[in-house]
Amino acid sequence: AGASAVIIFNEGQEGRQDVVSGTLGAPADLPVVGMSYADAQALNGAVEQGPTTVRVFTETISEVRETYNVLADSRTGDPEKTIVVGAHLDSVAEGPGINDNGSGTAAILEIAEEMAELNIKNKQRVRFAFWGAEEKGLLGAEHYVEHLTDDQLGDIYANLNFDMLGSPNYVRFVYDGNGDSSEAAPEGPPGSGEIEDIFTNYFDARDMATVPTDFDGRSDYGPFIAAGIPAGGLFSGAEGIKTVEQAEVFGGEAGVAYDPCYHEACDDITNISTKALGELGDAAAHATMVMAVSRTGLYED
Ligand code: PHE
Ligand code: ZN
Ligand code: ZN
Ligand code: ZN
């Protein structure tokens with residue numbers, strides 16, 4: 001057991017992993033680290049303060065671990081237009097993380113293998129990224145983006161993210177890159193709406209319903225959009241509860257979480273809808289390929 005750390009979340013932003021540092025009440029000598037909201041909630045010592053109701057959670061860090069991003073580039077394609085196709089490789093400590101996020105990493109690994117097998121000649125370079133330490137607050141992707149030079153940042157054309165593709169009580173969620181899902185929805189960097197369209201057009205053409213989902217930075221695309229890079233991706237649902245309307249459209253059970261084993265020990269190999277993973281995995285492959293071989297460009301840059 002070692003030092004304590006302070007984790008701070010803004011009230012009313014449940015589910016976000018943004019770490020707001022230097023805010024009210026953080027003891028100055030303690031490091032500020034990120035963690036999932038659920039983990040933070042589970043901790044004792046929540047302190048409420050002030051009119052802005054900032055909550056401070058403290059945690060004891062008992063171990064320091066080194067972790068890695070694993071990156072693999074296509075041999076072909078313009079390196080000045082690199083599409084980063086990412087999925088996080090880590091899980092929470094509570095469980096094996098097969099849906100979160102074995103499903104996304106398996107999907108992008110399969111896409112990489114298929115592109116090699118088919119001897120695809122890319123127009124744009126594809127960089128497959130297996131991120132580390134997403135569950136500790138997007139640390140791997142954050143580290144990656146933070147350490148790019150301005151030149152290197154300018155070479156990143158787009159980011160695709162696949163985090164949870166096989167939820168047992170799934171919905172076909174597409175990241176809402178153009179912010180049209182509600183009044184309050186933020187718009188992503190220019191190009192994000194076009195990426196959203198690649199996914200929704202794919203599903204529309206197959207008469208497969210989709211639902212736009214918050215583009216709020218709750219996975220590894222967060223650091224990319226914060227740096228102004230267009231992004232998009234798919235999601236089959238986590239702790240959220242399936243509505244009656246969604247159950248009518250997608251089947252499954254209303255009133256039950258999309259993934260009842262989210263961040264639990266039961267997120268094992270039995271916690272995968274192979275139907276969901278097949279459908280969302282194929283769409284992930286489609287979008288990766290379209291963006292890799294497109295000769296027209298996806299958006300004005
Ligand atoms: N990033 C979350 C996790 O790994 C899952 C998630 C993905 C939530 C996409 C919302 C949107 O636990
Ligand atoms: Zn998770
Ligand atoms: Zn995840
Ligand atoms: Zn949208």
# chains A, B, ... in the order shown; residues from 1 in each chain; ligands from 1
$ residues_near_ligand --ligand "ligand 2" --cutoff "7 Å" --atoms "only C-alpha atoms and all ligand atoms" --output "PyMOL selection string"
chain A and resi 91-92+100+135+263
$ residues_near_ligand --ligand "ligand 1" --cutoff "10 Å" --atoms "only C-alpha atoms and all ligand atoms" --output "number ranges by chain"
A: 15-17, 35-38, 87-92, 97, 99-101, 133-138, 161-165, 173-175, 213-222, 233-240, 262-263
$ select_by_dssp --residues "region 122-299 of chain A" --states "helix (DSSP H, G or I)" --output "ChimeraX atom specification"
/A:134-136,139-146,150-154,192-205,222-226,244-250,274-293
$ closest_residue --among "A:Ala72, A:Ile229, A:Ala276, A:Leu298" --to "Ile108 (chain A)" --atoms "only C-alpha atoms"
A:Ala72
$ closest_residue --among "A:Pro223, A:Thr200, A:Pro212, A:Val171" --to "Ala257 (chain A)" --atoms "only C-alpha atoms"
A:Val171
$ atom_distance --atom1 "CA of Ser273 (chain A)" --atom2 "CA of Pro96 (chain A)"
16.1 Å
$ closest_residue --among "A:Gly278, A:Gly86, A:Pro79, A:Gly228" --to "ligand 3" --atoms "only C-alpha atoms and all ligand atoms"
A:Gly86
$ residues_near_ligand --ligand "ligand 4" --cutoff "6 Å" --atoms "only C-alpha atoms and all ligand atoms" --output "PDB file with all heavy atoms, in the first residue's frame"
ATOM      1  N   ASP A 176     -22.674   9.614 -32.016  1.00  0.00           N
ATOM      2  CA  ASP A 176     -23.347  10.745 -32.649  1.00  0.00           C
ATOM      3  C   ASP A 176     -22.363  11.865 -32.969  1.00  0.00           C
ATOM      4  O   ASP A 176     -22.300  12.871 -32.268  1.00  0.00           O
ATOM      5  CB  ASP A 176     -24.469  11.242 -31.714  1.00  0.00           C
ATOM      6  CG  ASP A 176     -25.207  12.437 -32.302  1.00  0.00           C
ATOM      7  OD1 ASP A 176     -25.197  12.588 -33.544  1.00  0.00           O
ATOM      8  OD2 ASP A 176     -25.771  13.212 -31.516  1.00  0.00           O
ATOM      9  N   GLY A 177     -21.651  11.696 -34.076  1.00  0.00           N
ATOM     10  CA  GLY A 177     -20.599  12.651 -34.451  1.00  0.00           C
ATOM     11  C   GLY A 177     -21.101  14.009 -34.882  1.00  0.00           C
ATOM     12  O   GLY A 177     -20.385  15.006 -34.771  1.00  0.00           O
ATOM     13  N   ASN A 178     -22.347  14.078 -35.400  1.00  0.00           N
ATOM     14  CA  ASN A 178     -22.853  15.373 -35.879  1.00  0.00           C
ATOM     15  C   ASN A 178     -23.768  16.052 -34.869  1.00  0.00           C
ATOM     16  O   ASN A 178     -24.315  17.124 -35.145  1.00  0.00           O
ATOM     17  CB  ASN A 178     -23.564  15.223 -37.230  1.00  0.00           C
ATOM     18  CG  ASN A 178     -24.731  14.262 -37.163  1.00  0.00           C
ATOM     19  OD1 ASN A 178     -25.124  13.831 -36.080  1.00  0.00           O
ATOM     20  ND2 ASN A 178     -25.281  13.920 -38.317  1.00  0.00           N
ATOM     21  N   GLY A 179     -23.936  15.435 -33.691  1.00  0.00           N
ATOM     22  CA  GLY A 179     -24.690  16.081 -32.614  1.00  0.00           C
ATOM     23  C   GLY A 179     -26.149  16.305 -32.919  1.00  0.00           C
ATOM     24  O   GLY A 179     -26.758  17.238 -32.397  1.00  0.00           O
ATOM     25  N   ASP A 180     -26.740  15.439 -33.745  1.00  0.00           N
ATOM     26  CA  ASP A 180     -28.144  15.647 -34.128  1.00  0.00           C
ATOM     27  C   ASP A 180     -29.124  14.804 -33.308  1.00  0.00           C
ATOM     28  O   ASP A 180     -30.318  14.825 -33.576  1.00  0.00           O
ATOM     29  CB  ASP A 180     -28.339  15.374 -35.624  1.00  0.00           C
ATOM     30  CG  ASP A 180     -28.137  13.910 -35.971  1.00  0.00           C
ATOM     31  OD1 ASP A 180     -27.599  13.160 -35.125  1.00  0.00           O
ATOM     32  OD2 ASP A 180     -28.523  13.522 -37.088  1.00  0.00           O
ATOM     33  N   SER A 181     -28.602  14.094 -32.308  1.00  0.00           N
ATOM     34  CA  SER A 181     -29.497  13.196 -31.560  1.00  0.00           C
ATOM     35  C   SER A 181     -30.349  13.943 -30.538  1.00  0.00           C
ATOM     36  O   SER A 181     -31.415  13.474 -30.161  1.00  0.00           O
ATOM     37  CB  SER A 181     -28.694  12.094 -30.875  1.00  0.00           C
ATOM     38  OG  SER A 181     -27.776  12.649 -29.958  1.00  0.00           O
ATOM     39  N   PRO A 212     -28.345   6.710 -32.328  1.00  0.00           N
ATOM     40  CA  PRO A 212     -27.162   7.539 -32.049  1.00  0.00           C
ATOM     41  C   PRO A 212     -26.874   7.555 -30.555  1.00  0.00           C
ATOM     42  O   PRO A 212     -27.809   7.560 -29.752  1.00  0.00           O
ATOM     43  CB  PRO A 212     -27.562   8.929 -32.543  1.00  0.00           C
ATOM     44  CG  PRO A 212     -29.046   8.930 -32.607  1.00  0.00           C
ATOM     45  CD  PRO A 212     -29.507   7.502 -32.747  1.00  0.00           C
TER      46      PRO A 212
END
$ closest_residue --among "A:Glu80, A:Asp268, A:Glu253, A:Glu66" --to "Gln152 (chain A)" --atoms "only C-alpha atoms"
A:Glu80
$ residues_around --residues "Phe199 (chain A)" --least-positions-apart "2" --cutoff "10 Å" --atoms "only C-alpha atoms" --output "PDB file with N, CA and C atoms, in the first residue's frame"
ATOM      1  N   PHE A 173     -25.666   0.920 -31.373  1.00  0.00           N
ATOM      2  CA  PHE A 173     -25.395   2.335 -31.120  1.00  0.00           C
ATOM      3  C   PHE A 173     -24.275   2.814 -32.042  1.00  0.00           C
ATOM      4  N   VAL A 174     -24.491   4.007 -32.633  1.00  0.00           N
ATOM      5  CA  VAL A 174     -23.467   4.668 -33.450  1.00  0.00           C
ATOM      6  C   VAL A 174     -23.129   5.986 -32.761  1.00  0.00           C
ATOM      7  N   TYR A 175     -21.850   6.264 -32.574  1.00  0.00           N
ATOM      8  CA  TYR A 175     -21.463   7.531 -31.940  1.00  0.00           C
ATOM      9  C   TYR A 175     -22.046   8.694 -32.736  1.00  0.00           C
ATOM     10  N   GLU A 194     -19.596  12.807 -40.985  1.00  0.00           N
ATOM     11  CA  GLU A 194     -19.417  11.957 -42.161  1.00  0.00           C
ATOM     12  C   GLU A 194     -19.077  10.527 -41.752  1.00  0.00           C
ATOM     13  N   ILE A 195     -18.290  10.403 -40.689  1.00  0.00           N
ATOM     14  CA  ILE A 195     -17.954   9.058 -40.207  1.00  0.00           C
ATOM     15  C   ILE A 195     -19.211   8.378 -39.654  1.00  0.00           C
ATOM     16  N   GLU A 196     -19.993   9.139 -38.914  1.00  0.00           N
ATOM     17  CA  GLU A 196     -21.273   8.601 -38.416  1.00  0.00           C
ATOM     18  C   GLU A 196     -22.123   8.101 -39.593  1.00  0.00           C
ATOM     19  N   ASP A 197     -22.142   8.899 -40.692  1.00  0.00           N
ATOM     20  CA  ASP A 197     -22.925   8.517 -41.871  1.00  0.00           C
ATOM     21  C   ASP A 197     -22.444   7.207 -42.498  1.00  0.00           C
ATOM     22  N   ASN A 201     -25.314   4.659 -42.904  1.00  0.00           N
ATOM     23  CA  ASN A 201     -25.660   4.262 -44.272  1.00  0.00           C
ATOM     24  C   ASN A 201     -25.500   2.750 -44.461  1.00  0.00           C
ATOM     25  N   TYR A 202     -24.443   2.213 -43.880  1.00  0.00           N
ATOM     26  CA  TYR A 202     -24.204   0.766 -43.964  1.00  0.00           C
ATOM     27  C   TYR A 202     -25.402  -0.005 -43.393  1.00  0.00           C
ATOM     28  N   PHE A 203     -25.824   0.397 -42.199  1.00  0.00           N
ATOM     29  CA  PHE A 203     -26.928  -0.313 -41.548  1.00  0.00           C
ATOM     30  C   PHE A 203     -28.263  -0.035 -42.253  1.00  0.00           C
ATOM     31  N   ASP A 204     -28.486   1.232 -42.657  1.00  0.00           N
ATOM     32  CA  ASP A 204     -29.733   1.573 -43.355  1.00  0.00           C
ATOM     33  C   ASP A 204     -29.914   0.707 -44.594  1.00  0.00           C
ATOM     34  N   THR A 210     -30.470   1.640 -36.139  1.00  0.00           N
ATOM     35  CA  THR A 210     -29.377   2.119 -35.286  1.00  0.00           C
ATOM     36  C   THR A 210     -29.922   3.197 -34.346  1.00  0.00           C
ATOM     37  N   GLY A 232     -15.284   8.411 -34.812  1.00  0.00           N
ATOM     38  CA  GLY A 232     -16.568   7.727 -34.821  1.00  0.00           C
ATOM     39  C   GLY A 232     -16.392   6.315 -34.314  1.00  0.00           C
ATOM     40  N   GLY A 233     -17.506   5.622 -34.172  1.00  0.00           N
ATOM     41  CA  GLY A 233     -17.402   4.247 -33.706  1.00  0.00           C
ATOM     42  C   GLY A 233     -18.751   3.651 -33.361  1.00  0.00           C
ATOM     43  N   LEU A 234     -18.671   2.433 -32.882  1.00  0.00           N
ATOM     44  CA  LEU A 234     -19.865   1.654 -32.560  1.00  0.00           C
ATOM     45  C   LEU A 234     -19.814   1.178 -31.123  1.00  0.00           C
ATOM     46  N   LEU A 280     -21.975  -5.786 -35.629  1.00  0.00           N
ATOM     47  CA  LEU A 280     -21.181  -4.575 -35.391  1.00  0.00           C
ATOM     48  C   LEU A 280     -19.749  -4.749 -35.902  1.00  0.00           C
ATOM     49  N   ALA A 283     -19.769  -4.124 -39.614  1.00  0.00           N
ATOM     50  CA  ALA A 283     -19.875  -2.677 -39.873  1.00  0.00           C
ATOM     51  C   ALA A 283     -18.544  -1.978 -39.574  1.00  0.00           C
ATOM     52  N   ALA A 284     -17.851  -2.447 -38.553  1.00  0.00           N
ATOM     53  CA  ALA A 284     -16.528  -1.889 -38.231  1.00  0.00           C
ATOM     54  C   ALA A 284     -15.558  -2.148 -39.379  1.00  0.00           C
ATOM     55  N   HIS A 286     -16.376  -2.673 -42.512  1.00  0.00           N
ATOM     56  CA  HIS A 286     -16.828  -1.856 -43.637  1.00  0.00           C
ATOM     57  C   HIS A 286     -16.277  -0.430 -43.521  1.00  0.00           C
ATOM     58  N   ALA A 287     -16.472   0.177 -42.373  1.00  0.00           N
ATOM     59  CA  ALA A 287     -16.041   1.572 -42.198  1.00  0.00           C
ATOM     60  C   ALA A 287     -14.524   1.698 -42.303  1.00  0.00           C
TER      61      ALA A 287
END
$ closest_residue --among "A:Gly255, A:Gly77, A:Gly193, A:Pro168" --to "Lys121 (chain A)" --atoms "only C-alpha atoms"
A:Gly77
$ residues_around --residues "Gln246 (chain A)" --least-positions-apart "5" --cutoff "10 Å" --atoms "only C-alpha atoms" --output "list in words"
Tyr170, Val171, Arg172, Ala209, Thr210, Val211, Ile241, Gly251, Gly252, Glu253 and Ala254 of chain A
$ closest_residue --among "A:Gly102, A:Gly281, A:Pro260, A:Pro190" --to "ligand 3" --atoms "only C-alpha atoms and all ligand atoms"
A:Gly102
